[in-house]
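Participant: Questions regarding the structure given below will be posed in turn.
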Amino acid sequence: MREDAQYRKNITPGIEVGIILKKDQRSGRVTYGIVQDLLTSAAYHSRGIKVRLEDGQVGRVVEIL
C-alpha cells in the first residue's frame, strides 16, 4: 500500500483509485474505479481510507492513480 492512500486529505470524490474489497483481502486483488464518497471520517487510517466507488463497491484505498 502506498502511504498517501492512508491519509484522507489525499483522496477526493472524482479521482481514480485502486481499492481492496472486503472479499478480496486475503488474495489482495485490487479493483479500480472512481471515488464517489469517503466513508472513513478519520484523517488517517493504517489500512487505507474506506471509500465507495461510483459503481457502488466499497473498499479501502491502496493506491491513488
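Lettering and numbering for the C-alpha cells are positional, with chains as A, B, ... in the shown order, residues counted from 1 in each chain, and ligands counted from 1 in the shown order.
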Within chain A, find each residue whose DSSP state, derived from the backbone, is helix (DSSP H, G or I), and express the selection as a list of chain:residue names.

Facilitator: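 Answer for chain A restricted to helix (DSSP H, G or I) is A:Glu3, A:Asp4, A:Ala5, A:Gln6, A:Arg8, A:Lys9, A:Asn10, A:Lys22, A:Lys23, A:Asp24.
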
Participant: Residues within 9 Å of range 61-65 of chain A, please, as a ChimeraX atom specification. Count only C-alpha atoms; anything in the same chain fewer than 6 positions from it doesn't count.

Facilitator: /A:1-6,10-11,15-20,30,47-51

Participant: Mind dumping the selected residues with N, CA and C atoms as a CSV table (one decimal), in the first residue's frame?

Facilitator:
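Output below, filename part.csv:
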```csv
chain,number,residue,atom,x,y,z
A,1,MET,N,0.8,-1.2,0.0
A,1,MET,CA,0.0,0.0,0.0
A,1,MET,C,0.9,1.2,0.0
A,2,ARG,N,0.5,2.2,-0.8
A,2,ARG,CA,1.2,3.5,-0.8
A,2,ARG,C,0.8,4.3,0.4
A,3,GLU,N,1.7,5.0,1.0
A,3,GLU,CA,1.5,5.7,2.2
A,3,GLU,C,0.4,6.8,2.0
A,4,ASP,N,0.4,7.5,0.8
A,4,ASP,CA,-0.6,8.5,0.6
A,4,ASP,C,-2.0,8.0,0.6
A,5,ALA,N,-2.2,6.7,0.5
A,5,ALA,CA,-3.6,6.2,0.5
A,5,ALA,C,-4.1,6.1,1.9
A,6,GLN,N,-3.3,6.3,2.9
A,6,GLN,CA,-3.7,6.2,4.3
A,6,GLN,C,-4.2,7.6,4.9
A,10,ASN,N,-5.7,13.2,0.9
A,10,ASN,CA,-5.2,12.9,-0.4
A,10,ASN,C,-6.2,12.3,-1.4
A,11,ILE,N,-7.4,12.1,-0.8
A,11,ILE,CA,-8.5,11.4,-1.5
A,11,ILE,C,-9.7,12.3,-1.6
A,15,ILE,N,-11.6,11.2,-8.1
A,15,ILE,CA,-10.3,10.7,-8.5
A,15,ILE,C,-10.3,9.2,-8.7
A,16,GLU,N,-9.4,8.7,-9.5
A,16,GLU,CA,-9.4,7.3,-9.8
A,16,GLU,C,-8.4,6.6,-8.8
A,17,VAL,N,-8.9,5.5,-8.2
A,17,VAL,CA,-8.1,4.8,-7.1
A,17,VAL,C,-8.2,3.3,-7.3
A,18,GLY,N,-7.3,2.6,-6.7
A,18,GLY,CA,-7.3,1.2,-6.6
A,18,GLY,C,-7.7,0.8,-5.2
A,19,ILE,N,-8.7,-0.1,-5.0
A,19,ILE,CA,-9.2,-0.4,-3.6
A,19,ILE,C,-9.1,-2.0,-3.5
A,20,ILE,N,-9.1,-2.4,-2.3
A,20,ILE,CA,-9.2,-3.8,-2.0
A,20,ILE,C,-10.6,-4.0,-1.3
A,30,VAL,N,-6.9,-6.1,-6.5
A,30,VAL,CA,-7.2,-4.7,-6.5
A,30,VAL,C,-8.3,-4.4,-7.5
A,47,ARG,N,-4.9,1.0,7.5
A,47,ARG,CA,-5.2,0.0,6.4
A,47,ARG,C,-5.7,0.7,5.1
A,48,GLY,N,-5.8,2.0,5.1
A,48,GLY,CA,-6.3,2.8,4.0
A,48,GLY,C,-7.7,3.4,4.2
A,49,ILE,N,-7.9,4.4,3.6
A,49,ILE,CA,-9.2,5.1,3.7
A,49,ILE,C,-10.3,4.3,3.0
A,50,LYS,N,-11.4,4.1,3.7
A,50,LYS,CA,-12.6,3.4,3.1
A,50,LYS,C,-13.4,4.3,2.2
A,51,VAL,N,-13.7,3.9,1.0
A,51,VAL,CA,-14.4,4.7,0.0
A,51,VAL,C,-15.5,3.9,-0.7
```

Participant: Using only C-alpha atoms, can you tell me which of A:Lys23, A:Arg8, A:Arg60, A:Arg29 comes closest to Tyr44 in chain A?

Facilitator: A:Arg8

Participant: Can you tell me, as a PDB file with C-alpha atoms, in the first residue's frame, what residues are no more than 9 Å from Asp55 in chain A when counting only C-alpha atoms, ignoring any on the same chain fewer than 4 positions away?

Facilitator:
```pdb
ATOM      1  CA  GLY A  33     -12.705   2.902 -10.070  1.00  0.00           C
ATOM      2  CA  ILE A  34     -13.705   6.499  -9.415  1.00  0.00           C
ATOM      3  CA  GLN A  36     -17.970   8.689  -5.115  1.00  0.00           C
TER       4      GLN A  36
END
```

Participant: Among chain A, which residues does DSSP mark as strand (DSSP E or B) when it is run on the backbone? Keep the chain and numbering as in the structure and answer as a VMD selection string.

Facilitator: chain A and resid 7 16 to 21 31 to 38 44 50 to 53 58 to 64

Participant: If you keep N, CA and C atoms, can you produce a file of those selected residues as a PDB file, in the first residue's frame?

Facilitator:
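Result written to part-v6.pdb:
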```pdb
ATOM      1  N   TYR A   7      -4.060   8.637   4.077  1.00  0.00           N
ATOM      2  CA  TYR A   7      -4.454   9.970   4.533  1.00  0.00           C
ATOM      3  C   TYR A   7      -5.668  10.479   3.761  1.00  0.00           C
ATOM      4  N   GLU A  16      -9.420   8.689  -9.521  1.00  0.00           N
ATOM      5  CA  GLU A  16      -9.356   7.254  -9.780  1.00  0.00           C
ATOM      6  C   GLU A  16      -8.419   6.609  -8.771  1.00  0.00           C
ATOM      7  N   VAL A  17      -8.882   5.511  -8.176  1.00  0.00           N
ATOM      8  CA  VAL A  17      -8.110   4.813  -7.146  1.00  0.00           C
ATOM      9  C   VAL A  17      -8.170   3.299  -7.349  1.00  0.00           C
ATOM     10  N   GLY A  18      -7.271   2.617  -6.678  1.00  0.00           N
ATOM     11  CA  GLY A  18      -7.323   1.161  -6.569  1.00  0.00           C
ATOM     12  C   GLY A  18      -7.713   0.822  -5.154  1.00  0.00           C
ATOM     13  N   ILE A  19      -8.714  -0.058  -4.990  1.00  0.00           N
ATOM     14  CA  ILE A  19      -9.168  -0.445  -3.649  1.00  0.00           C
ATOM     15  C   ILE A  19      -9.106  -1.964  -3.507  1.00  0.00           C
ATOM     16  N   ILE A  20      -9.084  -2.403  -2.271  1.00  0.00           N
ATOM     17  CA  ILE A  20      -9.237  -3.825  -1.979  1.00  0.00           C
ATOM     18  C   ILE A  20     -10.591  -4.003  -1.312  1.00  0.00           C
ATOM     19  N   LEU A  21     -11.447  -4.816  -1.937  1.00  0.00           N
ATOM     20  CA  LEU A  21     -12.763  -5.116  -1.383  1.00  0.00           C
ATOM     21  C   LEU A  21     -12.604  -6.058  -0.190  1.00  0.00           C
ATOM     22  N   THR A  31      -9.255  -3.604  -7.131  1.00  0.00           N
ATOM     23  CA  THR A  31     -10.347  -3.179  -8.001  1.00  0.00           C
ATOM     24  C   THR A  31     -10.175  -1.680  -8.249  1.00  0.00           C
ATOM     25  N   TYR A  32     -10.338  -1.260  -9.497  1.00  0.00           N
ATOM     26  CA  TYR A  32     -10.124   0.147  -9.836  1.00  0.00           C
ATOM     27  C   TYR A  32     -11.444   0.845 -10.134  1.00  0.00           C
ATOM     28  N   GLY A  33     -11.510   2.127  -9.787  1.00  0.00           N
ATOM     29  CA  GLY A  33     -12.705   2.902 -10.070  1.00  0.00           C
ATOM     30  C   GLY A  33     -12.553   4.339  -9.624  1.00  0.00           C
ATOM     31  N   ILE A  34     -13.654   5.082  -9.763  1.00  0.00           N
ATOM     32  CA  ILE A  34     -13.705   6.499  -9.415  1.00  0.00           C
ATOM     33  C   ILE A  34     -14.401   6.656  -8.064  1.00  0.00           C
ATOM     34  N   VAL A  35     -13.809   7.455  -7.165  1.00  0.00           N
ATOM     35  CA  VAL A  35     -14.369   7.667  -5.823  1.00  0.00           C
ATOM     36  C   VAL A  35     -15.669   8.471  -5.912  1.00  0.00           C
ATOM     37  N   GLN A  36     -16.705   7.956  -5.238  1.00  0.00           N
ATOM     38  CA  GLN A  36     -17.970   8.689  -5.115  1.00  0.00           C
ATOM     39  C   GLN A  36     -18.047   9.322  -3.731  1.00  0.00           C
ATOM     40  N   ASP A  37     -17.808   8.517  -2.681  1.00  0.00           N
ATOM     41  CA  ASP A  37     -17.905   9.000  -1.293  1.00  0.00           C
ATOM     42  C   ASP A  37     -16.725   8.496  -0.474  1.00  0.00           C
ATOM     43  N   LEU A  38     -16.309   9.289   0.517  1.00  0.00           N
ATOM     44  CA  LEU A  38     -15.343   8.842   1.512  1.00  0.00           C
ATOM     45  C   LEU A  38     -16.128   8.363   2.723  1.00  0.00           C
ATOM     46  N   TYR A  44      -6.581   9.806   9.232  1.00  0.00           N
ATOM     47  CA  TYR A  44      -5.588   8.780   8.896  1.00  0.00           C
ATOM     48  C   TYR A  44      -6.145   7.410   9.239  1.00  0.00           C
ATOM     49  N   LYS A  50     -11.432   4.130   3.682  1.00  0.00           N
ATOM     50  CA  LYS A  50     -12.553   3.381   3.079  1.00  0.00           C
ATOM     51  C   LYS A  50     -13.368   4.328   2.210  1.00  0.00           C
ATOM     52  N   VAL A  51     -13.661   3.885   0.980  1.00  0.00           N
ATOM     53  CA  VAL A  51     -14.420   4.697   0.029  1.00  0.00           C
ATOM     54  C   VAL A  51     -15.491   3.859  -0.659  1.00  0.00           C
ATOM     55  N   ARG A  52     -16.456   4.561  -1.249  1.00  0.00           N
ATOM     56  CA  ARG A  52     -17.449   3.943  -2.134  1.00  0.00           C
ATOM     57  C   ARG A  52     -17.133   4.430  -3.538  1.00  0.00           C
ATOM     58  N   LEU A  53     -17.017   3.496  -4.475  1.00  0.00           N
ATOM     59  CA  LEU A  53     -16.782   3.863  -5.871  1.00  0.00           C
ATOM     60  C   LEU A  53     -18.099   4.234  -6.533  1.00  0.00           C
ATOM     61  N   VAL A  58     -17.467  -0.995  -2.234  1.00  0.00           N
ATOM     62  CA  VAL A  58     -16.848  -0.346  -1.084  1.00  0.00           C
ATOM     63  C   VAL A  58     -15.571  -1.102  -0.714  1.00  0.00           C
ATOM     64  N   GLY A  59     -14.515  -0.343  -0.456  1.00  0.00           N
ATOM     65  CA  GLY A  59     -13.262  -0.966  -0.038  1.00  0.00           C
ATOM     66  C   GLY A  59     -12.286   0.082   0.445  1.00  0.00           C
ATOM     67  N   ARG A  60     -11.079  -0.385   0.789  1.00  0.00           N
ATOM     68  CA  ARG A  60     -10.039   0.508   1.304  1.00  0.00           C
ATOM     69  C   ARG A  60      -9.040   0.842   0.200  1.00  0.00           C
ATOM     70  N   VAL A  61      -8.687   2.117   0.107  1.00  0.00           N
ATOM     71  CA  VAL A  61      -7.776   2.587  -0.939  1.00  0.00           C
ATOM     72  C   VAL A  61      -6.368   2.051  -0.683  1.00  0.00           C
ATOM     73  N   VAL A  62      -5.769   1.451  -1.714  1.00  0.00           N
ATOM     74  CA  VAL A  62      -4.378   1.000  -1.629  1.00  0.00           C
ATOM     75  C   VAL A  62      -3.477   1.783  -2.587  1.00  0.00           C
ATOM     76  N   GLU A  63      -4.069   2.416  -3.591  1.00  0.00           N
ATOM     77  CA  GLU A  63      -3.274   3.270  -4.467  1.00  0.00           C
ATOM     78  C   GLU A  63      -4.128   4.353  -5.090  1.00  0.00           C
ATOM     79  N   ILE A  64      -3.486   5.486  -5.339  1.00  0.00           N
ATOM     80  CA  ILE A  64      -4.137   6.622  -5.997  1.00  0.00           C
ATOM     81  C   ILE A  64      -3.527   6.749  -7.370  1.00  0.00           C
TER      82      ILE A  64
END
```

Participant: Could you work out how far CA of Pro13 in chain A lies from CA of Ser41 in chain A, giving the answer in Å with one decimal?

Facilitator: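 About the pair CA of Ser41 in chain A and CA of Pro13 in chain A: they are 14.0 Å apart.
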